[in-house]
file query-v9.cif (mmCIF, C-alpha atoms and all ligand atoms)
data_final
#
loop_
_atom_site.label_atom_id
_atom_site.label_comp_id
_atom_site.auth_asym_id
_atom_site.auth_seq_id
_atom_site.Cartn_x
_atom_site.Cartn_y
_atom_site.Cartn_z
CA MET X 95 35.92 -6.71 27.88
CA VAL X 96 33.53 -4.97 30.28
CA LYS X 97 30.43 -3.59 28.65
CA MET X 98 30.11 0.12 29.39
CA LYS X 99 26.34 -0.26 29.31
CA ASP X 100 26.49 -2.78 32.17
CA GLN X 101 28.80 -0.59 34.22
CA ILE X 102 26.45 2.36 33.84
CA GLU X 103 23.51 0.14 34.79
CA GLN X 104 25.35 -0.78 38.01
CA GLY X 105 26.13 2.90 38.63
CA LEU X 106 22.48 3.84 38.24
CA GLU X 107 21.55 1.16 40.78
CA SER X 108 24.12 2.12 43.40
CA ILE X 109 24.97 5.83 43.05
CA ALA X 110 22.52 8.48 44.26
CA ASN X 111 20.58 10.12 41.49
CA THR X 112 21.90 13.68 41.92
CA TYR X 113 23.56 14.07 38.52
CA GLY X 114 22.25 13.91 34.97
CA ARG X 115 25.21 12.01 33.53
CA PHE X 116 26.20 11.31 29.95
CA PRO X 117 26.42 7.56 29.24
CA ILE X 118 30.22 7.33 29.28
CA CYS X 119 32.39 5.61 31.89
CA PHE X 120 36.02 6.75 31.73
CA GLU X 121 39.00 4.57 32.42
CA SER X 122 42.16 6.57 31.72
CA GLY X 123 43.54 9.69 30.16
CA GLU X 124 46.66 11.23 28.72
CA GLY X 125 47.16 14.94 28.19
CA LEU X 126 44.05 16.33 26.50
CA TYR X 127 42.58 12.90 25.77
CA LEU X 128 40.33 10.57 27.74
CA LYS X 129 39.56 6.94 27.02
CA ASP X 130 36.31 5.23 28.01
CA THR X 131 36.11 1.64 29.22
CA GLU X 132 35.38 0.41 25.69
CA GLY X 133 38.43 2.17 24.27
CA LYS X 134 36.78 5.18 22.57
CA VAL X 135 38.98 8.28 22.78
CA TYR X 136 37.68 11.81 23.47
CA LEU X 137 39.32 15.22 23.18
CA ASP X 138 38.66 16.89 26.53
CA PHE X 139 37.61 20.56 26.47
CA VAL X 140 35.84 20.20 29.81
CA ALA X 141 38.81 19.21 32.02
CA GLY X 142 36.55 18.00 34.81
CA ILE X 143 34.91 21.46 34.68
CA ALA X 144 38.04 23.61 34.78
CA VAL X 145 39.78 21.27 37.22
CA ASN X 146 42.46 19.23 35.40
CA ALA X 147 44.87 22.13 34.92
CA LEU X 148 47.68 19.84 33.76
CA GLY X 149 45.48 17.49 31.78
CA HIS X 150 45.34 13.75 32.41
CA GLY X 151 47.95 11.12 33.16
CA ASP X 152 50.78 13.49 34.14
CA LYS X 153 53.50 11.02 35.22
CA GLN X 154 55.35 13.50 37.44
CA TYR X 155 52.11 14.42 39.22
CA ALA X 156 51.57 10.71 39.90
CA GLU X 157 55.12 10.46 41.22
CA VAL X 158 54.63 13.46 43.54
CA LEU X 159 51.40 12.01 44.94
CA LYS X 160 52.95 8.56 45.31
CA ASN X 161 56.00 9.84 47.17
CA GLN X 162 53.97 12.13 49.41
CA ALA X 163 51.48 9.37 50.21
CA ALA X 164 54.36 7.08 51.14
CA SER X 165 55.76 9.59 53.63
CA LEU X 166 52.90 11.71 55.03
CA VAL X 167 49.22 11.95 54.05
CA HIS X 168 47.49 13.70 56.91
CA VAL X 169 48.31 14.92 60.41
CA SER X 170 45.34 17.17 61.38
CA ASN X 171 45.48 20.90 61.83
CA LEU X 172 46.43 20.32 65.46
CA TYR X 173 49.94 20.38 63.93
CA TRP X 174 51.80 21.96 61.03
CA ASN X 175 52.87 20.27 57.82
CA ALA X 176 55.56 21.64 55.55
CA GLN X 177 53.72 21.08 52.25
CA ASN X 178 50.83 23.21 53.51
CA ILE X 179 53.13 26.00 54.70
CA LYS X 180 54.81 26.07 51.29
CA LEU X 181 51.42 26.22 49.56
CA ALA X 182 50.22 29.09 51.77
CA GLN X 183 53.42 31.01 50.97
CA THR X 184 52.91 30.56 47.21
CA LEU X 185 49.21 31.45 47.27
CA THR X 186 49.70 34.60 49.34
CA SER X 187 52.60 35.63 47.15
CA ILE X 188 50.76 35.20 43.80
CA SER X 189 47.53 36.77 45.09
CA GLY X 190 48.95 39.66 47.12
CA LEU X 191 46.73 38.60 50.03
CA ASP X 192 48.04 37.94 53.53
CA LYS X 193 46.77 34.61 54.83
CA ALA X 194 45.28 31.36 53.55
CA PHE X 195 42.64 29.08 55.06
CA PHE X 196 42.43 25.57 53.56
CA CYS X 197 39.46 23.34 52.85
CA ASN X 198 38.46 20.77 50.23
CA SER X 199 36.12 22.31 47.66
CA GLY X 200 34.77 25.47 46.12
CA ALA X 201 31.59 25.51 48.19
CA GLU X 202 33.64 25.14 51.36
CA ALA X 203 35.98 27.96 50.32
CA ASN X 204 32.90 30.18 49.95
CA GLU X 205 31.44 28.97 53.26
CA ALA X 206 34.68 30.16 54.87
CA ALA X 207 34.43 33.48 53.02
CA LEU X 208 30.88 33.87 54.35
CA LYS X 209 31.91 33.16 57.94
CA PHE X 210 34.91 35.48 57.70
CA ALA X 211 32.65 38.27 56.41
CA ARG X 212 30.27 37.71 59.34
CA LEU X 213 33.22 37.85 61.74
CA TYR X 214 34.41 41.07 60.13
CA GLY X 215 30.92 42.55 60.52
CA ALA X 216 31.04 41.72 64.24
CA ASP X 217 27.26 41.21 64.62
CA GLU X 218 26.52 44.75 63.44
CA LYS X 219 26.94 44.30 59.72
CA PHE X 220 26.13 40.92 58.24
CA GLU X 221 24.51 41.34 54.85
CA ILE X 222 26.31 40.14 51.72
CA ILE X 223 25.39 41.38 48.26
CA THR X 224 25.92 38.86 45.47
CA MET X 225 25.03 38.88 41.78
CA SER X 226 22.09 37.38 39.98
CA ASN X 227 23.14 34.41 37.83
CA SER X 228 26.15 33.85 40.08
CA PHE X 229 27.23 30.41 41.21
CA HIS X 230 28.95 29.85 44.53
CA GLY X 231 28.23 26.20 45.36
CA ARG X 232 25.60 23.81 46.70
CA THR X 233 26.02 23.73 50.49
CA MET X 234 23.42 25.79 52.34
CA GLY X 235 25.53 28.91 52.84
CA ALA X 236 27.00 28.85 49.34
CA LEU X 237 23.54 28.12 47.93
CA ALA X 238 22.17 31.24 49.59
CA LEU X 239 25.01 33.26 48.01
CA THR X 240 24.17 31.78 44.60
CA GLY X 241 21.85 34.13 42.72
CA GLN X 242 19.91 31.49 40.80
CA THR X 243 16.51 30.34 42.01
CA LYS X 244 16.73 27.13 39.96
CA TYR X 245 19.33 25.75 42.40
CA GLN X 246 17.48 27.04 45.47
CA ALA X 247 13.99 25.72 44.82
CA SER X 248 12.91 23.12 47.43
CA PHE X 249 15.63 24.08 49.92
CA ALA X 250 13.94 27.01 51.63
CA PRO X 251 14.34 28.57 54.08
CA LEU X 252 17.71 29.78 52.88
CA LEU X 253 20.33 31.51 55.02
CA PRO X 254 19.12 35.09 55.57
CA GLY X 255 21.26 38.19 55.00
CA VAL X 256 21.98 37.79 51.30
CA LYS X 257 20.79 40.29 48.68
CA TYR X 258 21.08 39.85 44.91
CA VAL X 259 21.66 42.57 42.33
CA PRO X 260 21.89 42.21 38.54
CA PHE X 261 25.52 41.58 37.49
CA ASN X 262 27.23 44.65 36.01
CA ASP X 263 24.47 47.00 37.20
CA SER X 264 26.25 49.75 39.14
CA GLU X 265 23.06 51.65 40.02
CA ALA X 266 21.42 48.54 41.47
CA LEU X 267 24.53 47.81 43.54
CA LYS X 268 24.64 51.36 44.92
CA ASN X 269 20.97 51.17 45.84
CA ALA X 270 21.29 47.77 47.49
CA ILE X 271 24.01 48.76 49.95
CA GLY X 272 22.61 49.51 53.39
CA ASP X 273 23.77 50.01 57.00
CA GLN X 274 23.99 46.27 57.53
CA THR X 275 25.94 45.45 54.38
CA VAL X 276 29.33 43.94 55.12
CA ALA X 277 30.48 42.56 51.76
CA VAL X 278 30.03 42.44 48.00
CA MET X 279 30.74 39.12 46.31
CA VAL X 280 31.43 38.56 42.59
CA GLU X 281 32.89 36.20 40.04
CA VAL X 282 34.91 38.26 37.55
CA ILE X 283 33.75 35.89 34.83
CA GLN X 284 30.54 34.11 35.74
CA GLY X 285 31.22 30.47 34.89
CA GLU X 286 28.08 28.42 35.50
CA GLY X 287 26.11 31.62 34.79
CA GLY X 288 27.18 31.53 31.13
CA ILE X 289 30.72 33.02 30.76
CA VAL X 290 29.69 36.60 31.56
CA GLU X 291 32.60 38.97 32.15
CA ILE X 292 32.58 41.85 34.61
CA THR X 293 32.57 45.26 32.87
CA PRO X 294 35.41 47.70 33.62
CA GLU X 295 32.81 50.19 34.82
CA PHE X 296 31.29 47.72 37.29
CA ALA X 297 34.72 46.70 38.55
CA GLU X 298 35.48 50.37 39.19
CA THR X 299 32.16 50.94 40.95
CA ILE X 300 32.72 47.95 43.21
CA SER X 301 36.21 49.12 44.13
CA LYS X 302 34.97 52.62 44.89
CA LEU X 303 31.96 51.53 46.93
CA CYS X 304 33.92 48.94 48.94
CA LEU X 305 36.50 51.56 49.86
CA GLU X 306 33.94 54.28 50.66
CA LYS X 307 31.68 52.11 52.80
CA ASP X 308 34.28 49.76 54.31
CA LEU X 309 32.75 46.72 52.59
CA LEU X 310 34.72 43.56 51.99
CA LEU X 311 35.20 42.62 48.37
CA ILE X 312 34.91 38.85 48.05
CA VAL X 313 35.94 37.42 44.68
CA ASP X 314 34.95 33.83 43.93
CA GLU X 315 37.89 32.54 41.89
CA VAL X 316 36.89 28.89 42.18
CA GLN X 317 36.60 28.58 38.38
CA THR X 318 38.65 31.56 37.17
CA GLY X 319 41.60 31.18 39.56
CA ILE X 320 44.93 29.37 39.23
CA GLY X 321 45.81 30.61 35.77
CA ARG X 322 42.61 30.03 33.83
CA THR X 323 42.22 33.63 32.62
CA GLY X 324 45.91 34.09 31.81
CA GLN X 325 46.71 35.65 35.20
CA TYR X 326 47.01 33.67 38.41
CA PHE X 327 43.67 35.11 39.51
CA GLY X 328 40.93 36.55 37.37
CA TYR X 329 40.63 39.78 39.40
CA GLN X 330 44.20 40.66 38.37
CA ASN X 331 42.81 41.42 34.88
CA TYR X 332 40.40 44.05 36.18
CA GLY X 333 42.39 46.07 38.72
CA LEU X 334 40.37 44.75 41.66
CA LYS X 335 41.85 44.53 45.16
CA PRO X 336 39.78 41.89 46.94
CA ASP X 337 39.79 41.28 50.69
CA VAL X 338 38.71 37.66 50.34
CA VAL X 339 39.36 35.24 47.48
CA SER X 340 38.07 31.69 47.24
CA CYS X 341 39.68 29.12 44.98
CA ALA X 342 39.45 25.39 44.40
CA LYS X 343 38.80 23.78 41.00
CA GLY X 344 42.20 24.02 39.27
CA LEU X 345 44.25 24.25 42.47
CA GLY X 346 44.95 20.56 43.03
CA GLY X 347 44.96 19.53 39.37
CA GLY X 348 42.16 17.08 40.21
CA PHE X 349 43.05 16.36 43.82
CA PRO X 350 40.38 17.97 46.03
CA ILE X 351 41.59 21.12 47.77
CA GLY X 352 40.17 24.59 48.29
CA ALA X 353 41.53 27.77 49.81
CA THR X 354 40.15 31.06 51.08
CA LEU X 355 42.71 33.86 50.94
CA VAL X 356 42.24 36.94 53.09
CA SER X 357 43.75 40.40 53.42
CA GLY X 358 45.28 41.66 56.65
CA LYS X 359 42.15 43.37 57.92
CA VAL X 360 40.17 40.13 57.65
CA ALA X 361 43.04 37.95 58.90
CA GLN X 362 43.14 40.10 62.05
CA LYS X 363 39.65 38.96 63.01
CA LEU X 364 40.44 35.26 62.78
CA THR X 365 41.19 33.37 65.98
CA PRO X 366 41.79 29.67 66.75
CA SER X 367 38.64 27.59 66.26
CA CYS X 368 36.55 30.36 64.60
CA HIS X 369 36.56 27.99 61.63
CA ALA X 370 38.07 24.59 60.87
CA SER X 371 38.18 21.63 58.51
CA THR X 372 39.60 18.22 59.44
CA PHE X 373 41.00 17.60 55.96
CA GLY X 374 41.83 21.24 55.18
CA GLY X 375 45.30 21.44 53.64
CA THR X 376 46.54 17.90 54.22
CA ALA X 377 50.14 17.19 53.27
CA LEU X 378 48.93 15.10 50.32
CA ALA X 379 46.47 17.68 48.96
CA SER X 380 49.00 20.46 49.48
CA ALA X 381 51.71 18.48 47.66
CA ALA X 382 49.34 18.13 44.69
CA ALA X 383 48.67 21.88 44.67
CA ASN X 384 52.36 22.72 45.11
CA TYR X 385 53.13 20.60 42.08
CA VAL X 386 50.43 22.32 40.00
CA LEU X 387 51.68 25.79 40.97
CA ASP X 388 55.33 24.82 40.35
CA GLU X 389 54.42 23.51 36.89
CA ILE X 390 52.45 26.66 36.02
CA GLU X 391 55.63 28.61 36.78
CA SER X 392 58.27 26.30 35.27
CA ARG X 393 56.29 25.47 32.11
CA LYS X 394 55.25 29.13 31.69
CA LEU X 395 51.62 28.08 31.53
CA LEU X 396 50.24 31.60 32.04
CA ASP X 397 51.90 32.54 28.72
CA ASN X 398 50.37 29.43 27.16
CA VAL X 399 46.91 30.36 28.48
CA ASN X 400 47.22 33.85 26.99
CA GLN X 401 48.50 32.63 23.63
CA MET X 402 46.07 29.73 23.34
CA GLY X 403 43.24 31.92 24.64
CA ARG X 404 43.84 34.38 21.81
CA TYR X 405 44.12 31.59 19.26
CA LEU X 406 40.90 29.97 20.52
CA GLN X 407 39.11 33.30 20.28
CA GLU X 408 40.35 33.87 16.70
CA GLN X 409 39.22 30.42 15.65
CA LEU X 410 35.82 30.89 17.30
CA LEU X 411 35.41 34.21 15.48
CA ILE X 412 36.08 32.49 12.15
CA LEU X 413 33.47 29.89 13.07
CA GLN X 414 31.01 32.63 14.03
CA ASN X 415 31.42 34.16 10.57
CA GLN X 416 30.51 30.78 9.05
CA PHE X 417 27.54 29.91 11.27
CA ASP X 418 24.63 32.21 12.05
CA VAL X 419 23.70 30.05 15.03
CA ILE X 420 26.65 31.50 16.96
CA LYS X 421 25.38 34.75 18.47
CA ALA X 422 28.41 35.81 20.49
CA ILE X 423 31.85 34.82 21.73
CA LYS X 424 32.56 35.36 25.39
CA GLY X 425 35.22 35.13 28.07
CA LYS X 426 39.00 35.23 27.98
CA GLY X 427 42.04 33.01 28.33
CA LEU X 428 40.94 29.42 28.71
CA ILE X 429 37.47 30.20 29.99
CA GLN X 430 35.54 31.06 26.86
CA GLY X 431 32.12 30.35 25.47
CA ILE X 432 29.90 30.68 22.45
CA GLU X 433 26.31 31.84 22.79
CA ILE X 434 23.92 29.93 20.55
CA VAL X 435 20.62 31.21 19.15
CA GLU X 436 17.45 30.07 20.95
CA ALA X 437 16.37 27.90 18.03
CA LEU X 438 19.23 25.46 18.50
CA PRO X 439 19.33 23.75 21.94
CA THR X 440 22.96 23.57 23.11
CA GLY X 441 22.42 19.98 24.25
CA LYS X 442 22.29 18.99 20.57
CA ILE X 443 25.76 20.46 20.04
CA VAL X 444 27.18 18.82 23.18
CA ASN X 445 25.72 15.44 22.19
CA GLY X 446 26.79 15.80 18.56
CA ALA X 447 30.34 16.63 19.65
CA MET X 448 30.41 13.70 22.06
CA ALA X 449 29.41 11.29 19.30
CA LYS X 450 32.39 12.60 17.31
CA GLY X 451 34.80 12.24 20.25
CA LEU X 452 34.80 15.78 21.69
CA LEU X 453 33.80 16.68 25.25
CA LEU X 454 32.12 20.08 25.72
CA VAL X 455 29.96 21.45 28.52
CA GLY X 456 27.16 24.00 28.54
CA ALA X 457 26.98 27.03 30.83
CA GLY X 458 24.06 29.25 31.76
CA HIS X 459 21.47 29.82 29.06
CA GLN X 460 22.40 28.77 25.50
CA VAL X 461 26.16 28.95 26.06
CA ILE X 462 28.77 26.28 25.29
CA ARG X 463 31.84 26.60 27.47
CA PHE X 464 35.49 25.87 26.60
CA VAL X 465 37.64 25.20 29.67
CA PRO X 466 40.43 22.87 28.46
CA PRO X 467 43.51 21.98 30.54
CA LEU X 468 46.01 24.86 30.77
CA ILE X 469 48.49 22.75 28.77
CA VAL X 470 46.27 22.86 25.65
CA ALA X 471 48.21 23.32 22.38
CA GLN X 472 47.25 24.79 19.01
CA LYS X 473 46.75 21.32 17.48
CA HIS X 474 44.10 20.53 20.14
CA ILE X 475 42.24 23.75 19.41
CA ASP X 476 42.38 22.98 15.68
CA GLU X 477 41.03 19.50 16.29
CA MET X 478 38.26 20.83 18.56
CA ILE X 479 37.25 23.51 16.03
CA GLY X 480 37.23 20.91 13.24
CA ILE X 481 34.83 18.65 15.16
CA LEU X 482 32.65 21.55 16.34
CA LYS X 483 32.43 22.81 12.76
CA SER X 484 31.29 19.43 11.48
CA VAL X 485 28.69 19.21 14.29
CA LEU X 486 27.36 22.67 13.39
CA GLU X 487 27.26 21.70 9.71
CA ASP X 488 25.19 18.64 10.62
CA LEU X 489 22.82 20.74 12.72
CA SER X 490 22.34 23.94 10.78
CA SER X 491 20.84 24.67 7.42
CA ASN X 492 23.22 27.57 6.59
CA LYS X 493 26.27 25.54 5.68
C1 LIG G 1 32.36 25.11 40.80
C2 LIG G 1 32.18 26.42 41.49
C3 LIG G 1 31.88 26.48 42.87
C4 LIG G 1 31.60 25.26 43.68
O1 LIG G 1 32.71 24.43 43.82
P1 LIG G 1 32.52 22.93 44.37
O2 LIG G 1 33.93 22.42 44.47
O3 LIG G 1 31.68 22.19 43.40
O4 LIG G 1 31.87 23.02 45.69
C5 LIG G 1 31.81 27.74 43.44
N1 LIG G 1 32.01 28.85 42.72
C6 LIG G 1 32.31 28.83 41.41
C7 LIG G 1 32.54 30.10 40.69
C8 LIG G 1 32.39 27.61 40.75
O5 LIG G 1 32.63 27.58 39.43
#
call {"tool": "encode", "arguments": {"input": "query-v9.cif", "output": "structure tokens"}}
result
Amino acid sequence: MVKMKDQIEQGLESIANTYGRFPICFESGEGLYLKDTEGKVYLDFVAGIAVNALGHGDKQYAEVLKNQAASLVHVSNLYWNAQNIKLAQTLTSISGLDKAFFCNSGAEANEAALKFARLYGADEKFEIITMSNSFHGRTMGALALTGQTKYQASFAPLLPGVKYVPFNDSEALKNAIGDQTVAVMVEVIQGEGGIVEITPEFAETISKLCLEKDLLLIVDEVQTGIGRTGQYFGYQNYGLKPDVVSCAKGLGGGFPIGATLVSGKVAQKLTPSCHASTFGGTALASAAANYVLDEIESRKLLDNVNQMGRYLQEQLLILQNQFDVIKAIKGKGLIQGIEIVEALPTGKIVNGAMAKGLLLVGAGHQVIRFVPPLIVAQKHIDEMIGILKSVLEDLSSNK
């Protein structure tokens, strides 16, 4: 049998050092479970960071990809492909937006949003207001939109024309809007920022200000979109009417695809060659996304997200009553988190869980995030809570 240690050694020698990786090399998966190359099994509450909507090893998904690959993979956006047209119809229908632009990742979906906002501003208005602690991706445009200096250090000068305001601070937002402001951009639940939910008051302020001052509302649904909050898109929980919506992570169920959805007034400004992506919306990527969206519908996964989201929250509350180290429970649906007191580094919890066969991921400052596949069942949540409880017992004195 291959030694995982040797594989990782080879990886360290040949793959660029841009990730701090855990020392596990995965080989296969089924449902909520992953198996490493030495046969150890893990319960997956990370789902490739909110990506594997249908879990691992879905046989029908494999069949769809296999059949599509055998007939048509890619034809360039010089032409149409039927899978992509079908996907655009579904996305516009579930979002209430008018048109879809396709790309391959979350950062790219936000790059498109940025360019569309600039087009809408027509050289007169160009400034975009985003939130501190937001996360919009790592390419230079998306990085400028991201309100976290820790990701931006060493990459100056950043794209100009971006202003940051504290998330959920209506006064600061009002004060930041100027003559050159064209758009306000938010995540309705900040993911990387630490599972921070928009307040109803802030959602209302944004809606009002965008309407009053003809600003575009851009919602980054890369993490919250495609069912994760219990609605198709997170903004649907908060009565927001965005003009631009970016999505990616869960859309292809693991196959890379991103989309930027726009309302009529933005769509109007778009003309051939104002933006493009060679791989945007290939037949293969679109077939993957069509399958994911069909399954969400036919398996009633939004209902599952709502039910399991409530159950997860109840179980986390019980855990919070047992352990003082849990300060707060955050988020909704299948994007939730627990905030841990300063004295206990979250890395210890993540590592402790991993040793016991549970995958968890941190978010922001002192938050552990739960973003399992949308097919998660009660027994998986029970198993996760059981392991987490035993890790917390090991780590804390107040048993
Ligand atoms: C992950 C994420 C991105 C970046 O997506 P990539 O596919 O990694 O480029 C952007 N915005 C949000 C909210 C995300 O969670």
call {"tool": "residues_around", "arguments": {"input": "query-v9.cif", "residues": "Asn262 (chain X)", "least_positions_apart": "4", "cutoff": "12 Å", "atoms": "all atoms listed in the file", "output": "PDB file with C-alpha atoms, keeping the file's coordinate frame"}}
result
ATOM      1  CA  THR X 224      25.920  38.860  45.470  1.00  0.00           C
ATOM      2  CA  MET X 225      25.030  38.880  41.780  1.00  0.00           C
ATOM      3  CA  SER X 226      22.090  37.380  39.980  1.00  0.00           C
ATOM      4  CA  ASN X 227      23.140  34.410  37.830  1.00  0.00           C
ATOM      5  CA  SER X 228      26.150  33.850  40.080  1.00  0.00           C
ATOM      6  CA  TYR X 258      21.080  39.850  44.910  1.00  0.00           C
ATOM      7  CA  ALA X 266      21.420  48.540  41.470  1.00  0.00           C
ATOM      8  CA  LEU X 267      24.530  47.810  43.540  1.00  0.00           C
ATOM      9  CA  LYS X 268      24.640  51.360  44.920  1.00  0.00           C
ATOM     10  CA  VAL X 280      31.430  38.560  42.590  1.00  0.00           C
ATOM     11  CA  GLU X 281      32.890  36.200  40.040  1.00  0.00           C
ATOM     12  CA  VAL X 282      34.910  38.260  37.550  1.00  0.00           C
ATOM     13  CA  ILE X 283      33.750  35.890  34.830  1.00  0.00           C
ATOM     14  CA  GLN X 284      30.540  34.110  35.740  1.00  0.00           C
ATOM     15  CA  VAL X 290      29.690  36.600  31.560  1.00  0.00           C
ATOM     16  CA  GLU X 291      32.600  38.970  32.150  1.00  0.00           C
ATOM     17  CA  ILE X 292      32.580  41.850  34.610  1.00  0.00           C
ATOM     18  CA  THR X 293      32.570  45.260  32.870  1.00  0.00           C
ATOM     19  CA  PRO X 294      35.410  47.700  33.620  1.00  0.00           C
ATOM     20  CA  GLU X 295      32.810  50.190  34.820  1.00  0.00           C
ATOM     21  CA  PHE X 296      31.290  47.720  37.290  1.00  0.00           C
ATOM     22  CA  ALA X 297      34.720  46.700  38.550  1.00  0.00           C
ATOM     23  CA  GLU X 298      35.480  50.370  39.190  1.00  0.00           C
ATOM     24  CA  THR X 299      32.160  50.940  40.950  1.00  0.00           C
ATOM     25  CA  ILE X 300      32.720  47.950  43.210  1.00  0.00           C
TER      26      ILE X 300
END
call {"tool": "axis_aligned_box", "arguments": {"input": "query-v9.cif", "around": "ligand LIG 1 (chain G)", "padding_each_side": "4 Å", "output": "AutoDock Vina command-line options"}}
result
--center_x 32.8 --center_y 26.1 --center_z 42.6 --size_x 10.3 --size_y 15.9 --size_z 14.3
call {"tool": "residues_near_point", "arguments": {"input": "query-v9.cif", "point": "(31.3, 50.5, 51.3)", "cutoff": "10 Å", "atoms": "only C-alpha atoms", "output": "list in words"}}
result
Lys268, Ile271, Gly272, Asp273, Thr275, Val276, Ala277, Val278, Ile300, Ser301, Lys302, Leu303, Cys304, Leu305, Glu306, Lys307, Asp308, Leu309, Leu310 and Leu311 of chain X
call {"tool": "atom_distance", "arguments": {"input": "query-v9.cif", "atom1": "CA of Ile434 (chain X)", "atom2": "CA of Glu265 (chain X)"}}
result
29.2 Å
call {"tool": "residues_around", "arguments": {"input": "query-v9.cif", "residues": "region 473-490 of chain X", "least_positions_apart": "2", "cutoff": "7 Å", "atoms": "all atoms listed in the file", "output": "PyMOL selection string"}}
result
chain X and resi 406+443+446-447+450+452+470-471+492-493
call {"tool": "write_last_selection", "arguments": {"input": "query-v9.cif", "atoms": "C-alpha atoms", "output": "PDB file, keeping the file's coordinate frame"}}
result
ATOM      1  CA  LEU X 406      40.900  29.970  20.520  1.00  0.00           C
ATOM      2  CA  ILE X 443      25.760  20.460  20.040  1.00  0.00           C
ATOM      3  CA  GLY X 446      26.790  15.800  18.560  1.00  0.00           C
ATOM      4  CA  ALA X 447      30.340  16.630  19.650  1.00  0.00           C
ATOM      5  CA  LYS X 450      32.390  12.600  17.310  1.00  0.00           C
ATOM      6  CA  LEU X 452      34.800  15.780  21.690  1.00  0.00           C
ATOM      7  CA  VAL X 470      46.270  22.860  25.650  1.00  0.00           C
ATOM      8  CA  ALA X 471      48.210  23.320  22.380  1.00  0.00           C
ATOM      9  CA  ASN X 492      23.220  27.570   6.590  1.00  0.00           C
ATOM     10  CA  LYS X 493      26.270  25.540   5.680  1.00  0.00           C
TER      11      LYS X 493
END
call {"tool": "closest_atom_pairs", "arguments": {"input": "query-v9.cif", "of": "chain X", "to": "ligand LIG 1 (chain G)", "cutoff": "10 Å", "atoms": "all atoms listed in the file", "output": "CSV"}}
result
residue,atom,partner,partner_atom,distance
X:Ile143,CA,G:LIG1,C1,7.6
X:Ala144,CA,G:LIG1,O5,8.2
X:Val145,CA,G:LIG1,C1,9.1
X:Asn198,CA,G:LIG1,O2,7.5
X:Ser199,CA,G:LIG1,O2,3.9
X:Gly200,CA,G:LIG1,O1,3.3
X:Ala201,CA,G:LIG1,O4,3.5
X:Glu202,CA,G:LIG1,O4,6.3
X:Ala203,CA,G:LIG1,O4,7.9
X:Asn204,CA,G:LIG1,C5,7.0
X:Glu205,CA,G:LIG1,O4,9.6
X:Ser228,CA,G:LIG1,C7,7.4
X:Phe229,CA,G:LIG1,N1,5.2
X:His230,CA,G:LIG1,N1,3.7
X:Gly231,CA,G:LIG1,C4,3.9
X:Arg232,CA,G:LIG1,O4,6.4
X:Thr233,CA,G:LIG1,O4,7.6
X:Ala236,CA,G:LIG1,C5,7.7
X:Leu237,CA,G:LIG1,C5,9.4
X:Leu239,CA,G:LIG1,N1,9.8
X:Thr240,CA,G:LIG1,N1,8.6
X:Val280,CA,G:LIG1,C7,8.7
X:Glu281,CA,G:LIG1,C7,6.1
X:Val282,CA,G:LIG1,C7,9.1
X:Ile283,CA,G:LIG1,C7,8.3
X:Gln284,CA,G:LIG1,C7,6.7
X:Gly285,CA,G:LIG1,O5,5.6
X:Glu286,CA,G:LIG1,O5,6.1
X:Gly287,CA,G:LIG1,C7,8.9
X:Val313,CA,G:LIG1,C7,9.0
X:Asp314,CA,G:LIG1,C7,5.5
X:Glu315,CA,G:LIG1,C7,6.0
X:Val316,CA,G:LIG1,C6,4.6
X:Gln317,CA,G:LIG1,O5,4.2
X:Thr318,CA,G:LIG1,C7,7.2
X:Gly319,CA,G:LIG1,C7,9.2
X:Ser340,CA,G:LIG1,N1,8.1
X:Cys341,CA,G:LIG1,N1,8.0
X:Ala342,CA,G:LIG1,O2,6.3
X:Lys343,CA,G:LIG1,O2,6.1
X:Gly344,CA,G:LIG1,O2,9.9
X:Pro350,CA,G:LIG1,O2,8.0
X:Ile351,CA,G:LIG1,O2,8.4
X:Gly352,CA,G:LIG1,O2,7.6
call {"tool": "atom_distance", "arguments": {"input": "query-v9.cif", "atom1": "CA of Gly125 (chain X)", "atom2": "CA of Gly425 (chain X)"}}
result
23.5 Å
call {"tool": "residues_around", "arguments": {"input": "query-v9.cif", "residues": "region 247-256 of chain X", "least_positions_apart": "4", "cutoff": "6 Å", "atoms": "all atoms listed in the file", "output": "PyMOL selection string"}}
result
chain X and resi 221-223+238+243
call {"tool": "atom_distance", "arguments": {"input": "query-v9.cif", "atom1": "CA of Asp397 (chain X)", "atom2": "CA of Gly375 (chain X)"}}
result
28.1 Å
call {"tool": "closest_residue", "arguments": {"input": "query-v9.cif", "among": "X:Val356, X:Val386, X:Ala377, X:Leu413", "to": "Asp152 (chain X)", "atoms": "only C-alpha atoms"}}
result
X:Val386
call {"tool": "residues_around", "arguments": {"input": "query-v9.cif", "residues": "Gln183 (chain X)", "least_positions_apart": "5", "cutoff": "12 Å", "atoms": "only C-alpha atoms", "output": "ChimeraX atom specification"}}
result
/X:176-178,188-195,355,380,384,387
call {"tool": "residues_around", "arguments": {"input": "query-v9.cif", "residues": "Leu126 (chain X)", "least_positions_apart": "5", "cutoff": "6 Å", "atoms": "all atoms listed in the file", "output": "VMD selection string"}}
result
chain X and resid 137 to 138 149
call {"tool": "closest_residue", "arguments": {"input": "query-v9.cif", "among": "X:Gln274, X:His168, X:Lys394, X:Glu103", "to": "Lys219 (chain X)", "atoms": "all atoms listed in the file"}}
result
X:Gln274
